[in-house]
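Trainee: Before anything else, here's the structure in question.
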Amino acid sequence: MATAGKVIKCKAAVAWEPDKPLVIEEIEVEPPLENEVRIKVVATSLCQSDLYFLFKDINKDIFPIVLGHEAAGIVESVGKGVTEFQPGDKVIPLFLPQCRECRLCKHPKTNLCEKKTPGQSGNLKDSKFTCKGQKLHQFMGTSTFSEYTVMNQNSVAKIDPAAPLDKVCLIGCGISTGFGAAINAAKVEPGSTCAVFGLGAIGLAAVMGCKAAGAKRIIAVDVNPDKFEKAKIFGATDFVNPKDHSKPISQVLMEMTSGGVDFALECVGNVEVMLSALEACAPGWGVSVIVGYTNLHDISIRPLKLLTGRTWKGTLFGGFKSKDGVSEMVKSYLDKKVKLDEFITHNMPLDQINDAIELLRNGKCIRTVLNVSPQ
Ligand SMILES: NC(=O)c1ccc[n+]([C@@H]2O[C@H](COP(=O)([O-])OP(=O)(O)OC[C@H]3O[C@@H](n4cnc5c(N)ncnc54)[C@H](O)[C@@H]3O)[C@@H](O)[C@H]2O)c1
Ligand SMILES: [Zn+2]
Ligand SMILES: [Zn+2]
């Protein structure tokens, strides 16, 4: 590649300040150092977690920043010591690394990894991005709202060359997260009754996971009834809008199921809903999984809710060891075992990213895929 070893000037959507529209800017992206890979981002989608850091958990220290973590692209060049990747490989950037060597990677019970990609250090000095002479933070190490990004090879998954990048980008976060939450974290069982709270891409992927695991009844819960039609496509059997009931939603579900659901997945990011999901579980064996992200509030709970045998857990990236899980999910899509196209409601160029943000913020889309660079 003619660009190998050189700084690349390219387009990126920069968040200069919290709670403000992103600005399309020309940025400079450094070449990859040892064990690093520079990726041409072909397609990226937006996830609610991008908006959380832009609008909700406002920490001025992370700005200016290039957001984005659900993407797919092509390796442009590699640094010294990289043997797993070559220019031209199709890849998915990973916000959760998998180095395969650390204590956590070797532990079968977790998908966490002790390593970080340079942009995850929080130290601006490690960032590969500069704009108008100023260093930019890299969000979750990935920063996919840019035509190019640089990551450690531990944080990149090689995928099947047949994979359409404008579809499989969704595997970089939302679909793996929701599907894995049902399969790996909840460990949904055949014949069971499940409830999924929140029917964005994460919740719909959780519905798809419950169905794949053989759940008999899947109750889809959302305060936006526009989401129910999609939930049906992914396998939901019952639809509940908490706003239609005067009783607490956990009680509504308890009554609908004569004693509580076997598995409940919270895919909203709201501590009250997390509590409702736990309370909707059957005493004795019900399992509730927190998938939605928030770090703003504590939850308080009566110990009896757990003493009576419910299990409460949480999961990042659906419990998948990231490199392995992403490659597997891409294969499953190509083998038509998981759906992706049905999650995509909008396609736009990167330049229209602020429109895409408003769609997600207002619950008007499931996923918008932004075309970042031509393949
Ligand atoms: N754990 C992880 O690794 C991980 C990964 C990705 C995303 N997330 C988190 O998952 C959550 C969902 O992400 P998304 O992109 O699907 O978001 P989204 O905004 O598209 O979907 C959220 C859905 O929840 C619904 N909702 C809001 N309040 C509700 C309530 N009180 N009861 C029921 N439903 C309600 C909304 O109407 C919407 O349909 C976010 O919190 C996101 O940050 C977590
Ligand atoms: Zn995400
Ligand atoms: Zn590791």
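Ordering of the structure tokens sets the chain letters (A, B, ...); residue numbers start at 1 within each chain; ligands are numbered from 1 in the order shown.
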Go through region 207-251 of chain A and flag each residue having an atom no more than 10 Å from region 256-261 of chain A; for those, report the closest pair of atoms plus their distance in Å to one decimal, using only C-alpha atoms, ordered by chain and rising number, as CSV.

Mentor:
residue,atom,partner,partner_atom,distance
A:Arg217,CA,A:Val261,CA,9.3
A:Ile218,CA,A:Val261,CA,9.4
A:Ile219,CA,A:Val261,CA,9.1
A:Asp238,CA,A:Met256,CA,9.8
A:Ser250,CA,A:Gly260,CA,8.3
A:Gln251,CA,A:Met256,CA,8.5

Trainee: Residues within 12 Å of Leu304 (chain A), please, as a PyMOL selection string. Count only C-alpha atoms; anything in the same chain fewer than 2 positions from it doesn't count.

Mentor: chain A and resi 278-279+283-284+301-302+306-311

Trainee: Using DSSP on the backbone coordinates, identify the residues of region 119-232 of chain A assigned to helix (DSSP H, G or I); present them as a ChimeraX atom specification.

Mentor: /A:119-120,124-126,139-141,153-155,165-172,174-186,201-212,225-232

Trainee: If the limit is 6 Å from any atom of ligand 3, counting only C-alpha atoms and all ligand atoms, which residues qualify? Return them as a CSV table (one decimal) with N, CA and C atoms, in the first residue's frame.

Mentor:
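Here's the written file pocket_28.csv:
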chain,number,residue,atom,x,y,z
A,98,GLN,N,-8.6,-9.7,23.0
A,98,GLN,CA,-8.4,-11.1,23.4
A,98,GLN,C,-7.0,-11.4,23.1
A,99,CYS,N,-6.1,-11.3,24.1
A,99,CYS,CA,-4.7,-11.5,23.8
A,99,CYS,C,-4.3,-13.0,23.8
A,100,ARG,N,-5.2,-13.8,24.3
A,100,ARG,CA,-5.0,-15.3,24.5
A,100,ARG,C,-3.9,-15.7,25.4
A,101,GLU,N,-3.3,-14.8,26.1
A,101,GLU,CA,-2.1,-15.1,26.9
A,101,GLU,C,-2.3,-14.8,28.4
A,102,CYS,N,-3.1,-13.8,28.7
A,102,CYS,CA,-3.2,-13.3,30.0
A,102,CYS,C,-4.0,-14.2,30.9
A,104,LEU,N,-6.8,-13.7,32.4
A,104,LEU,CA,-8.2,-13.7,32.1
A,104,LEU,C,-8.5,-14.4,30.8
A,105,CYS,N,-7.7,-14.2,29.8
A,105,CYS,CA,-8.0,-14.9,28.5
A,105,CYS,C,-7.9,-16.4,28.7
A,113,CYS,N,-10.1,-9.3,29.3
A,113,CYS,CA,-8.6,-9.5,29.0
A,113,CYS,C,-7.9,-8.4,29.7
A,114,GLU,N,-6.7,-8.7,30.1
A,114,GLU,CA,-5.9,-7.7,30.9
A,114,GLU,C,-5.3,-6.6,30.0
A,115,LYS,N,-5.2,-6.9,28.7
A,115,LYS,CA,-4.5,-6.0,27.8
A,115,LYS,C,-5.4,-4.9,27.4

Trainee: Tell me which protein, DNA and RNA residues are within 10 Å of Asp324 (chain A), counting only C-alpha atoms, leaving out same-chain ones fewer than 6 positions away, and put them as a ChimeraX atom specification.

Mentor: /A:98,157-159

Trainee: Considering only C-alpha atoms, state which residue in the set A:Ala182, A:Leu22, A:Val369, A:Leu165 is at the smallest distance from Ala215 (chain A).

Mentor: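 Once distances to Ala215 (chain A) are computed over only C-alpha atoms, the minimum belongs to A:Ala182.
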
Trainee: Kindly work out which residues sit at most 7 Å from ligand 1, using only C-alpha atoms and all ligand atoms, and give the list as a PyMOL selection string.

Mentor: chain A and resi 47-49+52+173-174+177+197-203+221-224+227+242+267-269+273+291-294+315-318+360-361+363+366

Trainee: Of the candidates A:Pro21, A:Gly178, A:Pro164, A:Gly73, which one gets nearest to ligand 2 if we count only C-alpha atoms and all ligand atoms?

Mentor: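 Of the candidates, the smallest distance to ligand 2 is held by A:Gly178.
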
Trainee: Taking 2 positions as the minimum chain separation for residues in the same chain, which residues sit within 9 Å of Ser45 (chain A) when counting only C-alpha atoms? Answer as a list in words.

Mentor: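 After dropping sequence-adjacent residues, the list is Ala43, Cys47, Gly68, His69, Glu70, Ala71, Thr144, Phe145, Asp166, Cys169, Leu170, Ala356, Arg367, Thr368, Val369, Leu370 and Asn371 of chain A.
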
Trainee: List every residue of region 111-271 of chain A that DSSP, applied to the backbone of this structure, assigns to strand (DSSP E or B), and report them as a ChimeraX atom specification.

Mentor: /A:129-131,134-138,146,148-152,156-158,193-197,217-221,238-240,261,263-266

Trainee: If you measure from CA of Ala231 (chain A) to CA of Ser143 (chain A), what distance in Å do you get, rounded to one decimal?

Mentor: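 According to the coordinates, CA of Ala231 (chain A) and CA of Ser143 (chain A) are separated by 29.7 Å.
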
Trainee: What separation in Å, quoted to one decimal, exists between CA of Lys331 (chain A) and CA of Pro161 (chain A)?

Mentor: 10.5 Å

Trainee: Tell me which of A:Gly81, A:Gly172, A:Gly88, A:Gly314 sits closest to Val330 (chain A), counting only C-alpha atoms.

Mentor: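 Looking at the shortest contact to Val330 (chain A), the residue is A:Gly172.
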
Trainee: What does the distance between CA of Val156 (chain A) and CA of Leu94 (chain A) come to in Å, to one decimal place?

Mentor: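 Spanning CA of Val156 (chain A) to CA of Leu94 (chain A) is a straight-line distance of 5.5 Å.
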
Trainee: Find the residue from A:Ser276, A:Thr237, A:Thr83, A:Thr142 that sits nearest to ligand 2; use only C-alpha atoms and all ligand atoms when measuring.

Mentor: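 Using only C-alpha atoms and all ligand atoms, ligand 2 sits closest to A:Thr142.
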
Trainee: Please determine, counting only C-alpha atoms, which residue among A:Met254, A:Ala220, A:Leu136, A:Val37 has the shortest atom-to-atom distance to Val82 (chain A).

Mentor: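 For Val82 (chain A), the nearest of the given residues is A:Val37.
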